[in-house]
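Chemist: One file is attached below, structure.cif, containing mmCIF, C-alpha atoms and all ligand atoms; chains and numbers go by the auth columns.
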```cif
data_start
#
loop_
_atom_site.group_PDB
_atom_site.id
_atom_site.type_symbol
_atom_site.label_atom_id
_atom_site.label_comp_id
_atom_site.label_asym_id
_atom_site.label_seq_id
_atom_site.Cartn_x
_atom_site.Cartn_y
_atom_site.Cartn_z
_atom_site.B_iso_or_equiv
_atom_site.auth_seq_id
_atom_site.auth_asym_id
ATOM 1 C CA MET A 1 -130.186 -77.833 110.817 0.00 1 H
ATOM 2 C CA SER A 2 -129.144 -74.361 109.810 0.00 2 H
ATOM 3 C CA LEU A 3 -131.481 -71.502 110.724 0.00 3 H
ATOM 4 C CA ALA A 4 -132.907 -69.934 107.532 0.00 4 H
ATOM 5 C CA LEU A 5 -132.715 -66.363 108.725 0.00 5 H
ATOM 6 C CA GLY A 6 -133.838 -63.010 107.370 0.00 6 H
ATOM 7 C CA VAL A 7 -132.559 -59.854 109.052 0.00 7 H
ATOM 8 C CA LEU A 8 -134.384 -56.515 108.972 0.00 8 H
ATOM 9 C CA VAL A 9 -132.387 -53.339 109.584 0.00 9 H
ATOM 10 C CA SER A 10 -132.907 -49.590 109.473 0.00 10 H
ATOM 11 C CA GLY A 11 -129.534 -48.192 110.425 0.00 11 H
ATOM 12 C CA SER A 12 -125.942 -48.967 111.233 0.00 12 H
ATOM 13 C CA GLY A 13 -126.428 -52.715 111.443 0.00 13 H
ATOM 14 C CA SER A 14 -123.787 -53.414 114.055 0.00 14 H
ATOM 15 C CA ASN A 15 -125.970 -56.203 115.449 0.00 15 H
ATOM 16 C CA LEU A 16 -126.245 -57.607 111.930 0.00 16 H
ATOM 17 C CA GLN A 17 -122.453 -57.461 111.769 0.00 17 H
ATOM 18 C CA ALA A 18 -122.146 -59.396 115.041 0.00 18 H
ATOM 19 C CA ILE A 19 -124.470 -62.045 113.587 0.00 19 H
ATOM 20 C CA LEU A 20 -122.518 -62.165 110.306 0.00 20 H
ATOM 21 C CA ASP A 21 -119.237 -62.510 112.203 0.00 21 H
ATOM 22 C CA ARG A 22 -120.537 -65.405 114.300 0.00 22 H
ATOM 23 C CA VAL A 23 -121.866 -67.162 111.203 0.00 23 H
ATOM 24 C CA ARG A 24 -118.532 -66.717 109.450 0.00 24 H
ATOM 25 C CA GLU A 25 -116.540 -68.087 112.378 0.00 25 H
ATOM 26 C CA GLY A 26 -118.916 -71.069 112.530 0.00 26 H
ATOM 27 C CA SER A 27 -120.375 -70.524 116.006 0.00 27 H
ATOM 28 C CA LEU A 28 -123.826 -69.462 114.777 0.00 28 H
ATOM 29 C CA ASP A 29 -125.491 -72.094 112.639 0.00 29 H
ATOM 30 C CA ALA A 30 -127.545 -69.739 110.481 0.00 30 H
ATOM 31 C CA ASP A 31 -127.950 -69.257 106.766 0.00 31 H
ATOM 32 C CA ILE A 32 -128.724 -65.575 106.266 0.00 32 H
ATOM 33 C CA ARG A 33 -130.961 -65.665 103.216 0.00 33 H
ATOM 34 C CA VAL A 34 -131.611 -61.944 102.875 0.00 34 H
ATOM 35 C CA VAL A 35 -131.104 -58.614 104.637 0.00 35 H
ATOM 36 C CA ILE A 36 -133.875 -56.080 104.100 0.00 36 H
ATOM 37 C CA ALA A 37 -133.791 -52.384 105.013 0.00 37 H
ATOM 38 C CA ASN A 38 -136.521 -49.764 104.966 0.00 38 H
ATOM 39 C CA ARG A 39 -133.964 -47.039 104.250 0.00 39 H
ATOM 40 C CA ALA A 40 -131.719 -46.861 101.201 0.00 40 H
ATOM 41 C CA ASP A 41 -128.863 -45.384 103.288 0.00 41 H
ATOM 42 C CA ALA A 42 -128.878 -48.113 105.950 0.00 42 H
ATOM 43 C CA LEU A 43 -125.255 -49.105 106.524 0.00 43 H
ATOM 44 C CA GLY A 44 -126.554 -52.573 107.305 0.00 44 H
ATOM 45 C CA LEU A 45 -127.179 -53.100 103.568 0.00 45 H
ATOM 46 C CA GLU A 46 -123.520 -52.362 102.890 0.00 46 H
ATOM 47 C CA ARG A 47 -122.414 -54.829 105.569 0.00 47 H
ATOM 48 C CA ALA A 48 -124.624 -57.516 104.035 0.00 48 H
ATOM 49 C CA ARG A 49 -123.310 -56.893 100.513 0.00 49 H
ATOM 50 C CA GLU A 50 -119.783 -57.055 101.859 0.00 50 H
ATOM 51 C CA ALA A 51 -120.584 -60.481 103.278 0.00 51 H
ATOM 52 C CA GLY A 52 -122.134 -61.625 99.992 0.00 52 H
ATOM 53 C CA ILE A 53 -125.678 -61.762 101.391 0.00 53 H
ATOM 54 C CA PRO A 54 -128.618 -60.829 99.117 0.00 54 H
ATOM 55 C CA THR A 55 -130.213 -57.525 100.070 0.00 55 H
ATOM 56 C CA ALA A 56 -133.422 -55.659 99.405 0.00 56 H
ATOM 57 C CA CYS A 57 -134.586 -52.180 100.188 0.00 57 H
ATOM 58 C CA VAL A 58 -138.289 -51.594 100.793 0.00 58 H
ATOM 59 C CA LEU A 59 -139.114 -47.961 101.457 0.00 59 H
ATOM 60 C CA HIS A 60 -142.100 -47.727 103.769 0.00 60 H
ATOM 61 C CA ALA A 61 -142.969 -44.325 102.296 0.00 61 H
ATOM 62 C CA ASP A 62 -143.746 -46.106 98.994 0.00 62 H
ATOM 63 C CA PHE A 63 -146.677 -47.917 100.585 0.00 63 H
ATOM 64 C CA PRO A 64 -149.968 -46.270 101.429 0.00 64 H
ATOM 65 C CA ARG A 65 -150.651 -48.458 104.466 0.00 65 H
ATOM 66 C CA ARG A 66 -148.474 -50.269 107.019 0.00 66 H
ATOM 67 C CA GLU A 67 -150.135 -53.549 106.001 0.00 67 H
ATOM 68 C CA ASP A 68 -149.045 -53.126 102.379 0.00 68 H
ATOM 69 C CA PHE A 69 -145.457 -52.531 103.436 0.00 69 H
ATOM 70 C CA ASP A 70 -145.597 -55.592 105.707 0.00 70 H
ATOM 71 C CA ARG A 71 -147.045 -57.748 102.940 0.00 71 H
ATOM 72 C CA GLU A 72 -144.146 -56.816 100.659 0.00 72 H
ATOM 73 C CA LEU A 73 -141.652 -57.741 103.391 0.00 73 H
ATOM 74 C CA VAL A 74 -143.328 -61.120 103.821 0.00 74 H
ATOM 75 C CA ARG A 75 -143.242 -61.716 100.078 0.00 75 H
ATOM 76 C CA LEU A 76 -139.524 -61.010 99.851 0.00 76 H
ATOM 77 C CA LEU A 77 -138.695 -63.052 102.946 0.00 77 H
ATOM 78 C CA ARG A 78 -140.685 -66.033 101.685 0.00 78 H
ATOM 79 C CA GLN A 79 -139.143 -65.745 98.266 0.00 79 H
ATOM 80 C CA ALA A 80 -135.726 -65.973 99.937 0.00 80 H
ATOM 81 C CA GLY A 81 -136.781 -69.083 101.879 0.00 81 H
ATOM 82 C CA VAL A 82 -136.652 -67.355 105.263 0.00 82 H
ATOM 83 C CA GLU A 83 -138.072 -69.218 108.256 0.00 83 H
ATOM 84 C CA TRP A 84 -136.959 -67.002 111.150 0.00 84 H
ATOM 85 C CA VAL A 85 -136.694 -63.218 111.213 0.00 85 H
ATOM 86 C CA ALA A 86 -134.311 -61.164 113.348 0.00 86 H
ATOM 87 C CA LEU A 87 -135.047 -57.471 113.744 0.00 87 H
ATOM 88 C CA ALA A 88 -131.750 -55.656 114.205 0.00 88 H
ATOM 89 C CA GLY A 89 -132.411 -51.984 114.753 0.00 89 H
ATOM 90 C CA PHE A 90 -135.487 -52.125 112.524 0.00 90 H
ATOM 91 C CA MET A 91 -137.489 -49.017 113.332 0.00 91 H
ATOM 92 C CA ARG A 92 -140.970 -50.021 112.190 0.00 92 H
ATOM 93 C CA ILE A 93 -143.848 -51.541 114.112 0.00 93 H
ATOM 94 C CA LEU A 94 -145.004 -54.766 112.465 0.00 94 H
ATOM 95 C CA THR A 95 -148.680 -55.529 111.933 0.00 95 H
ATOM 96 C CA PRO A 96 -150.439 -58.925 111.997 0.00 96 H
ATOM 97 C CA GLU A 97 -149.978 -58.927 108.220 0.00 97 H
ATOM 98 C CA PHE A 98 -146.327 -59.671 108.973 0.00 98 H
ATOM 99 C CA LEU A 99 -146.553 -61.372 112.356 0.00 99 H
ATOM 100 C CA THR A 100 -149.186 -63.951 111.450 0.00 100 H
ATOM 101 C CA PRO A 101 -147.188 -65.637 108.649 0.00 101 H
ATOM 102 C CA PHE A 102 -144.099 -65.616 110.891 0.00 102 H
ATOM 103 C CA ALA A 103 -145.937 -66.301 114.151 0.00 103 H
ATOM 104 C CA GLY A 104 -143.520 -67.140 116.962 0.00 104 H
ATOM 105 C CA ARG A 105 -140.534 -66.820 114.631 0.00 105 H
ATOM 106 C CA VAL A 106 -139.634 -63.139 114.916 0.00 106 H
ATOM 107 C CA VAL A 107 -137.112 -61.887 117.472 0.00 107 H
ATOM 108 C CA ASN A 108 -135.851 -58.423 118.329 0.00 108 H
ATOM 109 C CA ILE A 109 -133.119 -56.807 120.378 0.00 109 H
ATOM 110 C CA HIS A 110 -133.877 -53.847 122.619 0.00 110 H
ATOM 111 C CA PRO A 111 -131.238 -51.763 124.405 0.00 111 H
ATOM 112 C CA ALA A 112 -132.771 -51.891 127.911 0.00 112 H
ATOM 113 C CA LEU A 113 -133.861 -54.357 130.544 0.00 113 H
ATOM 114 C CA LEU A 114 -137.484 -54.732 129.462 0.00 114 H
ATOM 115 C CA PRO A 115 -140.133 -54.003 130.591 0.00 115 H
ATOM 116 C CA ALA A 116 -138.186 -50.935 131.741 0.00 116 H
ATOM 117 C CA CYS A 117 -137.504 -48.275 129.128 0.00 117 H
ATOM 118 C CA ALA A 118 -139.417 -49.653 126.172 0.00 118 H
ATOM 119 C CA GLY A 119 -139.721 -47.476 123.093 0.00 119 H
ATOM 120 C CA LEU A 120 -137.368 -45.010 121.486 0.00 120 H
ATOM 121 C CA HIS A 121 -134.109 -43.693 122.968 0.00 121 H
ATOM 122 C CA ALA A 122 -133.905 -46.403 125.613 0.00 122 H
ATOM 123 C CA GLN A 123 -130.237 -45.627 126.273 0.00 123 H
ATOM 124 C CA ARG A 124 -131.074 -41.977 126.937 0.00 124 H
ATOM 125 C CA GLN A 125 -134.051 -42.962 129.094 0.00 125 H
ATOM 126 C CA GLN A 126 -131.768 -45.091 131.272 0.00 126 H
ATOM 127 C CA ALA A 127 -128.990 -42.501 131.514 0.00 127 H
ATOM 128 C CA GLU A 128 -131.428 -39.708 132.391 0.00 128 H
ATOM 129 C CA HIS A 129 -133.273 -41.827 134.916 0.00 129 H
ATOM 130 C CA GLY A 130 -130.038 -42.608 136.741 0.00 130 H
ATOM 131 C CA VAL A 131 -130.454 -46.386 136.721 0.00 131 H
ATOM 132 C CA ARG A 132 -127.527 -48.306 138.239 0.00 132 H
ATOM 133 C CA LEU A 133 -128.086 -51.376 136.105 0.00 133 H
ATOM 134 C CA ALA A 134 -128.844 -50.878 132.435 0.00 134 H
ATOM 135 C CA GLY A 135 -128.848 -53.587 129.806 0.00 135 H
ATOM 136 C CA CYS A 136 -130.403 -55.201 126.786 0.00 136 H
ATOM 137 C CA THR A 137 -132.993 -57.816 125.942 0.00 137 H
ATOM 138 C CA VAL A 138 -133.601 -60.320 123.145 0.00 138 H
ATOM 139 C CA HIS A 139 -137.316 -61.053 122.952 0.00 139 H
ATOM 140 C CA PHE A 140 -139.942 -62.541 120.705 0.00 140 H
ATOM 141 C CA VAL A 141 -141.958 -59.975 118.814 0.00 141 H
ATOM 142 C CA ASP A 142 -145.676 -59.601 119.298 0.00 142 H
ATOM 143 C CA GLU A 143 -148.035 -56.845 118.251 0.00 143 H
ATOM 144 C CA GLN A 144 -147.068 -54.555 121.122 0.00 144 H
ATOM 145 C CA MET A 145 -143.800 -52.655 120.965 0.00 145 H
ATOM 146 C CA ASP A 146 -140.884 -54.205 122.917 0.00 146 H
ATOM 147 C CA HIS A 147 -143.276 -56.562 124.644 0.00 147 H
ATOM 148 C CA GLY A 148 -143.016 -60.249 123.675 0.00 148 H
ATOM 149 C CA PRO A 149 -141.543 -63.120 125.765 0.00 149 H
ATOM 150 C CA ILE A 150 -137.918 -62.635 126.823 0.00 150 H
ATOM 151 C CA VAL A 151 -135.167 -65.026 125.675 0.00 151 H
ATOM 152 C CA ILE A 152 -132.093 -63.464 127.316 0.00 152 H
ATOM 153 C CA GLN A 153 -131.121 -60.281 129.098 0.00 153 H
ATOM 154 C CA ALA A 154 -127.728 -58.779 129.885 0.00 154 H
ATOM 155 C CA ALA A 155 -127.061 -56.213 132.597 0.00 155 H
ATOM 156 C CA VAL A 156 -124.330 -53.584 132.493 0.00 156 H
ATOM 157 C CA PRO A 157 -123.468 -50.968 135.116 0.00 157 H
ATOM 158 C CA ALA A 158 -124.518 -47.371 134.606 0.00 158 H
ATOM 159 C CA PHE A 159 -122.565 -44.538 136.214 0.00 159 H
ATOM 160 C CA ALA A 160 -123.460 -41.004 137.269 0.00 160 H
ATOM 161 C CA ASP A 161 -121.218 -39.537 134.590 0.00 161 H
ATOM 162 C CA ASP A 162 -122.684 -41.687 131.807 0.00 162 H
ATOM 163 C CA ASP A 163 -124.562 -40.080 128.993 0.00 163 H
ATOM 164 C CA GLU A 164 -126.598 -41.658 126.214 0.00 164 H
ATOM 165 C CA ALA A 165 -123.472 -42.337 124.134 0.00 165 H
ATOM 166 C CA SER A 166 -121.234 -43.829 126.822 0.00 166 H
ATOM 167 C CA LEU A 167 -123.994 -45.981 128.291 0.00 167 H
ATOM 168 C CA GLY A 168 -125.189 -46.918 124.814 0.00 168 H
ATOM 169 C CA ALA A 169 -121.723 -48.185 123.874 0.00 169 H
ATOM 170 C CA ARG A 170 -121.552 -50.367 126.991 0.00 170 H
ATOM 171 C CA ILE A 171 -124.992 -51.778 126.219 0.00 171 H
ATOM 172 C CA LEU A 172 -124.187 -52.323 122.535 0.00 172 H
ATOM 173 C CA ASP A 173 -121.156 -54.437 123.406 0.00 173 H
ATOM 174 C CA MET A 174 -123.499 -56.817 125.235 0.00 174 H
ATOM 175 C CA GLU A 175 -126.102 -56.692 122.441 0.00 175 H
ATOM 176 C CA HIS A 176 -123.461 -58.087 120.128 0.00 176 H
ATOM 177 C CA ARG A 177 -122.938 -61.028 122.489 0.00 177 H
ATOM 178 C CA ILE A 178 -126.499 -61.932 123.452 0.00 178 H
ATOM 179 C CA TYR A 179 -128.157 -61.679 120.034 0.00 179 H
ATOM 180 C CA PRO A 180 -126.000 -64.305 118.269 0.00 180 H
ATOM 181 C CA GLN A 181 -126.222 -66.483 121.391 0.00 181 H
ATOM 182 C CA ALA A 182 -130.030 -66.311 121.414 0.00 182 H
ATOM 183 C CA LEU A 183 -130.156 -67.148 117.705 0.00 183 H
ATOM 184 C CA GLN A 184 -127.832 -70.093 118.207 0.00 184 H
ATOM 185 C CA TRP A 185 -130.104 -71.448 120.955 0.00 185 H
ATOM 186 C CA ILE A 186 -132.995 -71.133 118.496 0.00 186 H
ATOM 187 C CA ALA A 187 -130.939 -72.844 115.771 0.00 187 H
ATOM 188 C CA GLU A 188 -130.233 -75.692 118.197 0.00 188 H
ATOM 189 C CA GLY A 189 -133.973 -76.094 118.828 0.00 189 H
ATOM 190 C CA ARG A 190 -133.544 -75.358 122.531 0.00 190 H
ATOM 191 C CA VAL A 191 -135.993 -72.455 122.823 0.00 191 H
ATOM 192 C CA ARG A 192 -139.652 -72.940 123.741 0.00 192 H
ATOM 193 C CA VAL A 193 -142.216 -70.285 124.565 0.00 193 H
ATOM 194 C CA ASN A 194 -144.772 -70.990 127.253 0.00 194 H
ATOM 195 C CA GLY A 195 -147.024 -67.969 127.694 0.00 195 H
ATOM 196 C CA ARG A 196 -144.737 -65.150 128.835 0.00 196 H
ATOM 197 C CA GLN A 197 -141.974 -67.554 129.865 0.00 197 H
ATOM 198 C CA VAL A 198 -139.236 -68.673 127.507 0.00 198 H
ATOM 199 C CA VAL A 199 -137.566 -71.955 128.362 0.00 199 H
ATOM 200 C CA VAL A 200 -134.056 -72.461 127.003 0.00 200 H
ATOM 201 C CA ASN A 201 -133.179 -76.116 127.430 0.00 201 H
ATOM 202 C CA GLY A 202 -129.966 -77.074 129.122 0.00 202 H
ATOM 203 C CA VAL A 203 -128.767 -73.639 130.216 0.00 203 H
ATOM 204 C CA ALA A 204 -126.919 -73.087 133.491 0.00 204 H
ATOM 205 C CA ARG A 205 -128.537 -71.216 136.346 0.00 205 H
ATOM 206 C CA THR A 206 -125.389 -69.558 137.675 0.00 206 H
ATOM 207 C CA PHE A 207 -123.039 -66.948 136.254 0.00 207 H
ATOM 208 C CA THR A 208 -119.576 -68.218 135.499 0.00 208 H
ATOM 209 C CA GLY A 209 -118.119 -65.649 133.129 0.00 209 H
ATOM 210 C CA PRO A 210 -117.499 -61.918 133.404 0.00 210 H
ATOM 211 C CA HIS A 211 -120.873 -61.056 131.837 0.00 211 H
ATOM 212 C CA TRP A 212 -124.109 -60.650 133.725 0.00 212 H
ATOM 213 C CA THR A 213 -126.605 -62.367 131.531 0.00 213 H
ATOM 214 C CA ASN A 214 -129.492 -64.689 132.168 0.00 214 H
ATOM 215 C CA PRO A 215 -129.346 -67.337 130.862 0.00 215 H
ATOM 216 C CA PRO A 216 -125.539 -67.343 131.134 0.00 216 H
ATOM 217 C CA LEU A 217 -123.704 -67.150 127.818 0.00 217 H
ATOM 218 C CA GLU A 218 -122.197 -70.400 126.604 0.00 218 H
ATOM 219 C CA PRO A 219 -118.837 -70.767 124.820 0.00 219 H
ATOM 220 C CA PRO A 220 -117.842 -69.169 122.506 0.00 220 H
ATOM 221 C CA PHE A 221 -120.410 -66.416 123.114 0.00 221 H
ATOM 222 C CA ASP A 222 -119.083 -65.812 126.631 0.00 222 H
ATOM 223 C CA ARG A 223 -115.791 -64.445 125.306 0.00 223 H
HETATM 224 C C1 LIG B . -129.541 -51.240 118.901 0.00 301 H
HETATM 225 O O1 LIG B . -129.274 -50.524 120.085 0.00 301 H
HETATM 226 C C2 LIG B . -130.757 -52.116 119.075 0.00 301 H
HETATM 227 O O2 LIG B . -130.885 -52.608 120.369 0.00 301 H
HETATM 228 C C3 LIG B . -131.881 -51.171 118.779 0.00 301 H
HETATM 229 O O3 LIG B . -131.402 -50.381 117.730 0.00 301 H
HETATM 230 C C4 LIG B . -129.975 -50.328 117.758 0.00 301 H
HETATM 231 C C5 LIG B . -129.508 -50.833 116.429 0.00 301 H
HETATM 232 O O4 LIG B . -128.129 -50.768 116.297 0.00 301 H
HETATM 233 N N1 LIG B . -133.089 -51.907 118.490 0.00 301 H
HETATM 234 P P1 LIG B . -127.434 -51.448 115.043 0.00 301 H
HETATM 235 O O5 LIG B . -128.146 -50.947 113.802 0.00 301 H
HETATM 236 O O6 LIG B . -127.524 -52.926 115.201 0.00 301 H
HETATM 237 O O7 LIG B . -126.019 -50.950 115.096 0.00 301 H
#
```
Render the structure in this file as structure tokens.
Modeler:
Amino acid sequence: MSLALGVLVSGSGSNLQAILDRVREGSLDADIRVVIANRADALGLERAREAGIPTACVLHADFPRREDFDRELVRLLRQAGVEWVALAGFMRILTPEFLTPFAGRVVNIHPALLPACAGLHAQRQQAEHGVRLAGCTVHFVDEQMDHGPIVIQAAVPAFADDDEASLGARILDMEHRIYPQALQWIAEGRVRVNGRQVVVNGVARTFTGPHWTNPPLEPPFDR
């Protein structure tokens, strides 16, 4: 059954684009019901419109409290028939007002190998720290920032002459692979959360492709 998905964005929406592209080519079995941004200038809204997906813009500044903003998001998502929510560069912390109605059905992508480098500017944190392996993580969302159970991580090399931009681009390329893959596993009903562990049924335990991810990417996400 197709995943009834809502996507929340704040910025460029390149991860949204990767998801849209995989849906269009038929490798991600998701029905994107709505894309919501908290900024009117989010390029992600444009990408969604281009793909014929309904959009909404909810400005957090219009709401006196975080909970009120979250309640409006929930209303719009429910109205659109959304069952799962993917945060794709959505720069707001969600409260229980949002997370309770969508308990266990909200995922996020973070541009670092969590729990390292949580929070803002993760690419810069990694470049400045001189890590040799950087990466990205798809995880379930809980009430703590960049904290919930981990579905998949990808590692990329970091070099001494990397800066935030060059390392960020290498990470982003892997974000665009692992996020649609994680969502497809969810769509296939293969993902189960057990405390902090996420079990993805039927995945391999060894790397076969050129990408360092765990679990390994499956075709066509490995290309
Ligand atoms: C990505 O690096 C994502 O990991 C982080 O915010 C950035 C969003 O990029 N959460 P985009 O809007 O998907 O291009």
Chemist: Got a sec to resolve the PyMOL selection byres (((not hetatm)) within 10 of (chain H and resi 301)) on this structure and send the residues as a PyMOL selection string?
Modeler: chain H and resi 8-19+42-44+87-91+108-112+119-123+135-138+146+168-169+171-176+179
Chemist: Specify as an MDAnalysis selection string each residue included when the PyMOL selection byres (((chain H and resi 39) around 7) and not hetatm) is applied to this file.
Modeler: chainID H and resid 10 37:38 40:42 57 59
Chemist: Might you pull out every residue within 9 Å of range 62-66 of chain H, with only C-alpha atoms counted and same-chain residues fewer than 4 positions away left off, and present them as number ranges by chain?
Modeler: H: 58, 70-71, 93-95, 97
Chemist: From the options H:Ala158, H:Val151, H:Ala187, H:Gln181, which residue's atoms come nearest to Val199 in chain H, counting all atoms listed in the file?
Modeler: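 Answer, going by the shortest atom-to-atom distance: H:Val151.
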Chemist: So how far away is CA of Glu143 in chain H from CA of Ala61 in chain H, in Å?
Modeler: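 Atom-to-atom, CA of Ala61 in chain H and CA of Glu143 in chain H are spaced 20.9 Å apart.
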Chemist: Would you kindly translate the PyMOL selection byres (((chain H and resi 211) around 9) and not hetatm) into the concrete residues it picks from this file, as a list in words?
Modeler: Ala154, Ala155, Val156, Met174, Phe207, Thr208, Gly209, Pro210, Trp212, Thr213, Pro216, Leu217, Asp222 and Arg223 of chain H
Chemist: How would the residues just chosen look if you wrote them out with C-alpha atoms as a compact mmCIF listing (two decimals), in the coordinates of the input?
Modeler:
```
# COMPACT_ATOMS: atom_id res chain seq x y z
CA ALA H 154 -127.73 -58.78 129.88
CA ALA H 155 -127.06 -56.21 132.60
CA VAL H 156 -124.33 -53.58 132.49
CA MET H 174 -123.50 -56.82 125.24
CA PHE H 207 -123.04 -66.95 136.25
CA THR H 208 -119.58 -68.22 135.50
CA GLY H 209 -118.12 -65.65 133.13
CA PRO H 210 -117.50 -61.92 133.40
CA TRP H 212 -124.11 -60.65 133.72
CA THR H 213 -126.60 -62.37 131.53
CA PRO H 216 -125.54 -67.34 131.13
CA LEU H 217 -123.70 -67.15 127.82
CA ASP H 222 -119.08 -65.81 126.63
CA ARG H 223 -115.79 -64.44 125.31
```
Chemist: So the first atom is CA of Pro215 in chain H and the second is CA of Ile152 in chain H; what is the distance between them in Å, to one decimal place?
Modeler: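 Separation between CA of Pro215 in chain H and CA of Ile152 in chain H: 5.9 Å.
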Chemist: Go through H:Val141, H:Asn214, H:Ala127, H:Arg190 and flag the residue nearest Val106 in chain H, using only C-alpha atoms for the distances.
Modeler: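 Using only C-alpha atoms, Val106 in chain H sits closest to H:Val141.
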Chemist: Just checking: using all atoms listed in the file, which residue out of H:Val191, H:Ala86, H:Ile36, H:Ile53 ends up closest to Glu72 in chain H?
Modeler: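 Closest candidate: H:Ile36.
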Chemist: In Å, with one decimal, what is the gap from CA of Ala80 in chain H to CA of Asn194 in chain H?
Modeler: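 Result for CA of Ala80 in chain H versus CA of Asn194 in chain H: 29.2 Å, one decimal.
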Chemist: Rank nothing, just name the residue among H:Asp21, H:Asp161, H:Glu128, H:Asp29 nearest to Leu5 in chain H, using all atoms listed in the file.
Modeler: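 Closest candidate: H:Asp29.
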Chemist: Please list as a PyMOL selection string every residue within 9 Å of Val34 in chain H, counting only C-alpha atoms and excluding residues in the same chain fewer than 3 positions away.
Modeler: chain H and resi 5-8+48+53-56+76-77+80-82
Chemist: Ranking H:Arg105, H:Arg196, H:Arg132, H:Arg33 by minimum distance to His147 in chain H and counting only C-alpha atoms, which one comes first?
Modeler: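 Once distances to His147 in chain H are computed over only C-alpha atoms, the minimum belongs to H:Arg196.
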